[in-house]
$ cat entry_23.cif   # mmCIF, N, CA and C atoms
data_target
#
loop_
_atom_site.label_atom_id
_atom_site.label_comp_id
_atom_site.auth_asym_id
_atom_site.auth_seq_id
_atom_site.Cartn_x
_atom_site.Cartn_y
_atom_site.Cartn_z
N MET J 1 22.74 13.49 7.39
CA MET J 1 23.28 13.93 8.66
C MET J 1 24.74 14.34 8.46
N THR J 2 25.06 15.54 8.85
CA THR J 2 26.42 16.04 8.71
C THR J 2 27.13 15.92 10.05
N SER J 3 28.30 15.31 10.04
CA SER J 3 29.06 15.17 11.27
C SER J 3 30.15 16.24 11.31
N THR J 4 30.68 16.48 12.51
CA THR J 4 31.74 17.46 12.69
C THR J 4 33.07 16.83 12.28
N PRO J 5 33.84 17.51 11.45
CA PRO J 5 35.16 16.97 11.07
C PRO J 5 36.04 16.75 12.29
N CYS J 6 36.86 15.73 12.24
CA CYS J 6 37.70 15.34 13.38
C CYS J 6 38.90 16.25 13.58
N CYS J 7 39.36 16.91 12.53
CA CYS J 7 40.55 17.76 12.65
C CYS J 7 40.48 18.90 11.64
N ALA J 8 41.36 19.85 11.81
CA ALA J 8 41.39 21.02 10.93
C ALA J 8 41.69 20.65 9.48
N ARG J 9 42.52 19.65 9.27
CA ARG J 9 42.89 19.25 7.90
C ARG J 9 41.71 18.64 7.16
N THR J 10 40.92 17.83 7.86
CA THR J 10 39.73 17.25 7.25
C THR J 10 38.71 18.35 6.96
N ALA J 11 38.52 19.26 7.91
CA ALA J 11 37.59 20.37 7.71
C ALA J 11 38.03 21.22 6.51
N GLU J 12 39.33 21.47 6.41
CA GLU J 12 39.86 22.26 5.30
C GLU J 12 39.56 21.57 3.97
N ASP J 13 39.77 20.26 3.91
CA ASP J 13 39.51 19.53 2.67
C ASP J 13 38.03 19.55 2.32
N LEU J 14 37.16 19.31 3.31
CA LEU J 14 35.72 19.29 3.04
C LEU J 14 35.18 20.65 2.62
N ASN J 15 35.81 21.72 3.08
CA ASN J 15 35.35 23.08 2.76
C ASN J 15 36.08 23.70 1.57
N ARG J 16 36.99 22.95 0.96
CA ARG J 16 37.75 23.47 -0.18
C ARG J 16 36.80 23.83 -1.33
N VAL J 17 37.01 25.01 -1.88
CA VAL J 17 36.25 25.46 -3.05
C VAL J 17 37.26 25.69 -4.17
N CYS J 18 37.08 24.96 -5.22
CA CYS J 18 38.00 25.05 -6.35
C CYS J 18 37.53 26.13 -7.32
N THR J 19 38.44 26.98 -7.73
CA THR J 19 38.10 28.05 -8.67
C THR J 19 38.10 27.55 -10.12
N ILE J 20 38.58 26.33 -10.33
CA ILE J 20 38.65 25.78 -11.68
C ILE J 20 37.52 24.78 -11.94
N HIS J 21 37.24 23.92 -10.95
CA HIS J 21 36.25 22.86 -11.12
C HIS J 21 34.97 23.17 -10.35
N ALA J 22 33.84 23.17 -11.04
CA ALA J 22 32.56 23.46 -10.39
C ALA J 22 32.13 22.33 -9.45
N ASP J 23 32.51 21.11 -9.76
CA ASP J 23 32.13 19.94 -8.96
C ASP J 23 33.36 19.43 -8.22
N ARG J 24 33.25 19.21 -6.91
CA ARG J 24 34.37 18.70 -6.11
C ARG J 24 34.93 17.39 -6.67
N SER J 25 34.09 16.55 -7.22
CA SER J 25 34.56 15.26 -7.72
C SER J 25 35.47 15.42 -8.94
N ASP J 26 35.46 16.58 -9.57
CA ASP J 26 36.34 16.84 -10.71
C ASP J 26 37.67 17.44 -10.29
N CYS J 27 37.77 17.90 -9.05
CA CYS J 27 38.97 18.59 -8.59
C CYS J 27 39.99 17.61 -8.00
N PRO J 28 41.18 17.53 -8.57
CA PRO J 28 42.18 16.59 -8.06
C PRO J 28 42.74 16.98 -6.69
N ASP J 29 42.44 18.18 -6.21
CA ASP J 29 42.90 18.62 -4.89
C ASP J 29 41.91 18.27 -3.78
N ALA J 30 40.75 17.76 -4.11
CA ALA J 30 39.75 17.33 -3.11
C ALA J 30 39.95 15.84 -2.85
N PHE J 31 40.10 15.49 -1.58
CA PHE J 31 40.40 14.10 -1.23
C PHE J 31 39.29 13.38 -0.49
N ILE J 32 38.58 14.09 0.39
CA ILE J 32 37.59 13.47 1.27
C ILE J 32 36.19 13.83 0.82
N ALA J 33 35.28 12.86 0.84
CA ALA J 33 33.88 13.09 0.55
C ALA J 33 33.07 12.70 1.78
N GLU J 34 32.09 13.53 2.13
CA GLU J 34 31.18 13.19 3.21
C GLU J 34 29.94 12.59 2.57
N MET J 35 29.56 11.39 3.01
CA MET J 35 28.45 10.70 2.37
C MET J 35 27.76 9.74 3.32
N ASN J 36 26.45 9.82 3.37
CA ASN J 36 25.64 8.91 4.18
C ASN J 36 26.09 8.85 5.64
N GLY J 37 26.52 9.96 6.20
CA GLY J 37 26.92 10.00 7.60
C GLY J 37 28.35 9.56 7.86
N GLY J 38 29.08 9.16 6.84
CA GLY J 38 30.47 8.73 6.99
C GLY J 38 31.36 9.51 6.04
N TYR J 39 32.58 9.03 5.88
CA TYR J 39 33.54 9.70 5.01
C TYR J 39 34.17 8.69 4.06
N GLY J 40 34.62 9.19 2.93
CA GLY J 40 35.29 8.33 1.96
C GLY J 40 36.39 9.08 1.24
N LEU J 41 37.34 8.33 0.70
CA LEU J 41 38.36 8.90 -0.16
C LEU J 41 37.79 8.96 -1.57
N MET J 42 37.85 10.12 -2.17
CA MET J 42 37.29 10.30 -3.49
C MET J 42 38.10 9.53 -4.53
N VAL J 43 37.40 8.89 -5.45
CA VAL J 43 38.03 8.17 -6.56
C VAL J 43 37.95 9.08 -7.77
N HIS J 44 39.07 9.61 -8.19
CA HIS J 44 39.09 10.57 -9.31
C HIS J 44 39.25 9.82 -10.64
N ASP J 45 38.15 9.23 -11.07
CA ASP J 45 38.16 8.48 -12.32
C ASP J 45 37.11 9.00 -13.31
N GLY J 46 36.67 10.23 -13.08
CA GLY J 46 35.66 10.80 -13.96
C GLY J 46 34.26 10.70 -13.39
N GLY J 47 34.08 9.95 -12.30
CA GLY J 47 32.78 9.82 -11.66
C GLY J 47 32.78 10.52 -10.32
N SER J 48 31.82 10.15 -9.47
CA SER J 48 31.73 10.79 -8.16
C SER J 48 31.79 9.76 -7.03
N SER J 49 32.41 8.62 -7.26
CA SER J 49 32.46 7.58 -6.24
C SER J 49 33.55 7.84 -5.21
N ALA J 50 33.41 7.18 -4.07
CA ALA J 50 34.39 7.28 -2.98
C ALA J 50 34.46 5.93 -2.27
N VAL J 51 35.59 5.67 -1.66
CA VAL J 51 35.80 4.44 -0.91
C VAL J 51 35.74 4.79 0.58
N GLU J 52 34.82 4.14 1.30
CA GLU J 52 34.64 4.43 2.72
C GLU J 52 35.94 4.23 3.50
N ILE J 53 36.19 5.14 4.43
CA ILE J 53 37.35 5.02 5.32
C ILE J 53 36.87 5.04 6.76
N ALA J 54 37.57 4.31 7.62
CA ALA J 54 37.19 4.22 9.03
C ALA J 54 38.01 5.15 9.91
N PHE J 55 39.15 5.63 9.38
CA PHE J 55 40.04 6.49 10.16
C PHE J 55 40.48 7.68 9.32
N CYS J 56 40.65 8.83 9.95
CA CYS J 56 41.11 10.03 9.27
C CYS J 56 42.53 9.81 8.75
N PRO J 57 42.78 10.15 7.48
CA PRO J 57 44.12 9.96 6.94
C PRO J 57 45.14 10.95 7.50
N TRP J 58 44.69 12.01 8.16
CA TRP J 58 45.62 13.01 8.70
C TRP J 58 45.85 12.88 10.20
N CYS J 59 44.79 12.68 10.99
CA CYS J 59 44.97 12.65 12.44
C CYS J 59 44.77 11.25 13.04
N GLY J 60 44.24 10.32 12.27
CA GLY J 60 44.05 8.95 12.74
C GLY J 60 42.81 8.72 13.58
N ALA J 61 41.99 9.74 13.76
CA ALA J 61 40.77 9.59 14.56
C ALA J 61 39.80 8.62 13.89
N GLY J 62 39.04 7.89 14.69
CA GLY J 62 38.00 7.02 14.16
C GLY J 62 36.90 7.86 13.55
N LEU J 63 36.37 7.44 12.41
CA LEU J 63 35.32 8.16 11.72
C LEU J 63 34.02 7.38 11.79
N PRO J 64 32.87 8.09 11.71
CA PRO J 64 31.59 7.38 11.74
C PRO J 64 31.42 6.52 10.50
N SER J 65 30.71 5.41 10.65
CA SER J 65 30.40 4.53 9.52
C SER J 65 29.28 5.12 8.69
N MET J 66 29.27 4.76 7.42
CA MET J 66 28.18 5.19 6.56
C MET J 66 26.92 4.46 6.98
N ASP J 67 25.78 5.16 6.88
CA ASP J 67 24.49 4.54 7.20
C ASP J 67 24.23 3.39 6.24
N GLN J 68 23.68 2.34 6.76
CA GLN J 68 23.36 1.18 5.93
C GLN J 68 22.03 1.34 5.27
#

$ encode --input "entry_23.cif" --output "structure tokens"
Amino acid sequence: MTSTPCCARTAEDLNRVCTIHADRSDCPDAFIAEMNGGYGLMVHDGGSSAVEIAFCPWCGAGLPSMDQ
């Protein structure tokens, strides 16, 4: 299930297309990941993991929780 981004900055980050990295998880300019109905901050450690966040880092809006 895809939710609507809370603000323009989140939408911009989610829609970012990197011309250098084929995978968003490899791009250091990508910060937010949409996953399981919620959002997370991407962990740039060579994998594709993210840490769930409850509030938008830019506008402070409450974000949906990831599906259990």

$ atom_distance --input "entry_23.cif" --atom1 "atom CA of Pro64 of chain J" --atom2 "atom CA of His21 of chain J"
28.0 Å

$ resolve_selection --input "entry_23.cif" --expression "the PyMOL selection byres ((chain J and resi 49-53) around 8)" --output "list of chain:residue names"
J:Ser25, J:Ile32, J:Ala33, J:Gly38, J:Tyr39, J:Gly40, J:Leu41, J:Met42, J:Val43, J:His44, J:Asp45, J:Gly46, J:Gly47, J:Ser48, J:Ala54, J:Phe55, J:Cys56, J:Pro57, J:Gly62, J:Leu63, J:Pro64, J:Ser65, J:Met66

$ residues_around --input "entry_23.cif" --residues "Cys18 of chain J" --least-positions-apart "5" --cutoff "8 Å" --atoms "all atoms listed in the file" --output "short mmCIF file (atom, residue, chain, number, x, y, z; two decimals) with N, CA and C atoms, in the coordinates of the input"
data_model
loop_
_atom_site.label_atom_id
_atom_site.label_comp_id
_atom_site.auth_asym_id
_atom_site.auth_seq_id
_atom_site.Cartn_x
_atom_site.Cartn_y
_atom_site.Cartn_z
N ASP J 23 32.51 21.11 -9.76
CA ASP J 23 32.13 19.94 -8.96
C ASP J 23 33.36 19.43 -8.22
N ARG J 24 33.25 19.21 -6.91
CA ARG J 24 34.37 18.70 -6.11
C ARG J 24 34.93 17.39 -6.67
N CYS J 27 37.77 17.90 -9.05
CA CYS J 27 38.97 18.59 -8.59
C CYS J 27 39.99 17.61 -8.00
#

$ resolve_selection --input "entry_23.cif" --expression "the PyMOL selection byres ((chain J and resi 8-14) around 6.5)" --output "PyMOL selection string"
chain J and resi 5-7+15-16+30-32

$ atom_distance --input "entry_23.cif" --atom1 "atom C of Glu34 of chain J" --atom2 "atom C of Ser3 of chain J"
9.5 Å

$ select_by_dssp --input "entry_23.cif" --residues "chain J" --states "strand (DSSP E or B)" --output "PyMOL selection string"
chain J and resi 32-35+38-42+50-53+55+62

$ decode --input "entry_23.cif" --residues "segment 30-53 of chain J" --atoms "N, CA and C atoms" --output "PDB file, in the first residue's frame"
ATOM      1  N   ALA J  30      19.654   9.764  -1.043  1.00  0.00           N
ATOM      2  CA  ALA J  30      18.307   9.256  -0.738  1.00  0.00           C
ATOM      3  C   ALA J  30      18.224   9.013   0.769  1.00  0.00           C
ATOM      4  N   PHE J  31      17.213   9.593   1.395  1.00  0.00           N
ATOM      5  CA  PHE J  31      17.109   9.497   2.860  1.00  0.00           C
ATOM      6  C   PHE J  31      15.931   8.673   3.354  1.00  0.00           C
ATOM      7  N   ILE J  32      14.790   8.752   2.663  1.00  0.00           N
ATOM      8  CA  ILE J  32      13.554   8.132   3.130  1.00  0.00           C
ATOM      9  C   ILE J  32      13.229   6.905   2.287  1.00  0.00           C
ATOM     10  N   ALA J  33      12.791   5.833   2.938  1.00  0.00           N
ATOM     11  CA  ALA J  33      12.333   4.635   2.250  1.00  0.00           C
ATOM     12  C   ALA J  33      10.881   4.403   2.626  1.00  0.00           C
ATOM     13  N   GLU J  34      10.062   4.057   1.638  1.00  0.00           N
ATOM     14  CA  GLU J  34       8.679   3.686   1.900  1.00  0.00           C
ATOM     15  C   GLU J  34       8.642   2.174   1.967  1.00  0.00           C
ATOM     16  N   MET J  35       8.108   1.637   3.073  1.00  0.00           N
ATOM     17  CA  MET J  35       8.130   0.191   3.255  1.00  0.00           C
ATOM     18  C   MET J  35       6.991  -0.275   4.148  1.00  0.00           C
ATOM     19  N   ASN J  36       6.285  -1.292   3.696  1.00  0.00           N
ATOM     20  CA  ASN J  36       5.206  -1.907   4.477  1.00  0.00           C
ATOM     21  C   ASN J  36       4.170  -0.894   4.962  1.00  0.00           C
ATOM     22  N   GLY J  37       3.864   0.108   4.156  1.00  0.00           N
ATOM     23  CA  GLY J  37       2.851   1.090   4.526  1.00  0.00           C
ATOM     24  C   GLY J  37       3.354   2.214   5.408  1.00  0.00           C
ATOM     25  N   GLY J  38       4.621   2.203   5.785  1.00  0.00           N
ATOM     26  CA  GLY J  38       5.197   3.252   6.622  1.00  0.00           C
ATOM     27  C   GLY J  38       6.439   3.820   5.968  1.00  0.00           C
ATOM     28  N   TYR J  39       7.202   4.570   6.739  1.00  0.00           N
ATOM     29  CA  TYR J  39       8.410   5.197   6.223  1.00  0.00           C
ATOM     30  C   TYR J  39       9.584   4.916   7.152  1.00  0.00           C
ATOM     31  N   GLY J  40      10.772   4.944   6.595  1.00  0.00           N
ATOM     32  CA  GLY J  40      11.969   4.743   7.395  1.00  0.00           C
ATOM     33  C   GLY J  40      13.117   5.575   6.869  1.00  0.00           C
ATOM     34  N   LEU J  41      14.078   5.836   7.739  1.00  0.00           N
ATOM     35  CA  LEU J  41      15.325   6.478   7.330  1.00  0.00           C
ATOM     36  C   LEU J  41      16.255   5.390   6.827  1.00  0.00           C
ATOM     37  N   MET J  42      16.767   5.578   5.637  1.00  0.00           N
ATOM     38  CA  MET J  42      17.627   4.575   5.032  1.00  0.00           C
ATOM     39  C   MET J  42      18.955   4.492   5.783  1.00  0.00           C
ATOM     40  N   VAL J  43      19.423   3.272   5.985  1.00  0.00           N
ATOM     41  CA  VAL J  43      20.719   3.029   6.622  1.00  0.00           C
ATOM     42  C   VAL J  43      21.701   2.723   5.498  1.00  0.00           C
ATOM     43  N   HIS J  44      22.610   3.636   5.249  1.00  0.00           N
ATOM     44  CA  HIS J  44      23.559   3.478   4.136  1.00  0.00           C
ATOM     45  C   HIS J  44      24.808   2.741   4.610  1.00  0.00           C
ATOM     46  N   ASP J  45      24.653   1.435   4.749  1.00  0.00           N
ATOM     47  CA  ASP J  45      25.763   0.602   5.200  1.00  0.00           C
ATOM     48  C   ASP J  45      26.081  -0.520   4.210  1.00  0.00           C
ATOM     49  N   GLY J  46      25.626  -0.336   2.980  1.00  0.00           N
ATOM     50  CA  GLY J  46      25.862  -1.356   1.967  1.00  0.00           C
ATOM     51  C   GLY J  46      24.677  -2.275   1.765  1.00  0.00           C
ATOM     52  N   GLY J  47      23.666  -2.190   2.637  1.00  0.00           N
ATOM     53  CA  GLY J  47      22.462  -3.002   2.507  1.00  0.00           C
ATOM     54  C   GLY J  47      21.281  -2.146   2.120  1.00  0.00           C
ATOM     55  N   SER J  48      20.080  -2.663   2.358  1.00  0.00           N
ATOM     56  CA  SER J  48      18.875  -1.916   2.000  1.00  0.00           C
ATOM     57  C   SER J  48      17.960  -1.713   3.211  1.00  0.00           C
ATOM     58  N   SER J  49      18.501  -1.722   4.411  1.00  0.00           N
ATOM     59  CA  SER J  49      17.677  -1.586   5.606  1.00  0.00           C
ATOM     60  C   SER J  49      17.328  -0.127   5.887  1.00  0.00           C
ATOM     61  N   ALA J  50      16.285   0.043   6.699  1.00  0.00           N
ATOM     62  CA  ALA J  50      15.835   1.377   7.109  1.00  0.00           C
ATOM     63  C   ALA J  50      15.293   1.276   8.531  1.00  0.00           C
ATOM     64  N   VAL J  51      15.336   2.393   9.233  1.00  0.00           N
ATOM     65  CA  VAL J  51      14.829   2.467  10.595  1.00  0.00           C
ATOM     66  C   VAL J  51      13.501   3.219  10.555  1.00  0.00           C
ATOM     67  N   GLU J  52      12.441   2.571  11.040  1.00  0.00           N
ATOM     68  CA  GLU J  52      11.110   3.178  10.999  1.00  0.00           C
ATOM     69  C   GLU J  52      11.086   4.521  11.728  1.00  0.00           C
ATOM     70  N   ILE J  53      10.375   5.474  11.135  1.00  0.00           N
ATOM     71  CA  ILE J  53      10.195   6.782  11.767  1.00  0.00           C
ATOM     72  C   ILE J  53       8.702   7.058  11.904  1.00  0.00           C
TER      73      ILE J  53
END
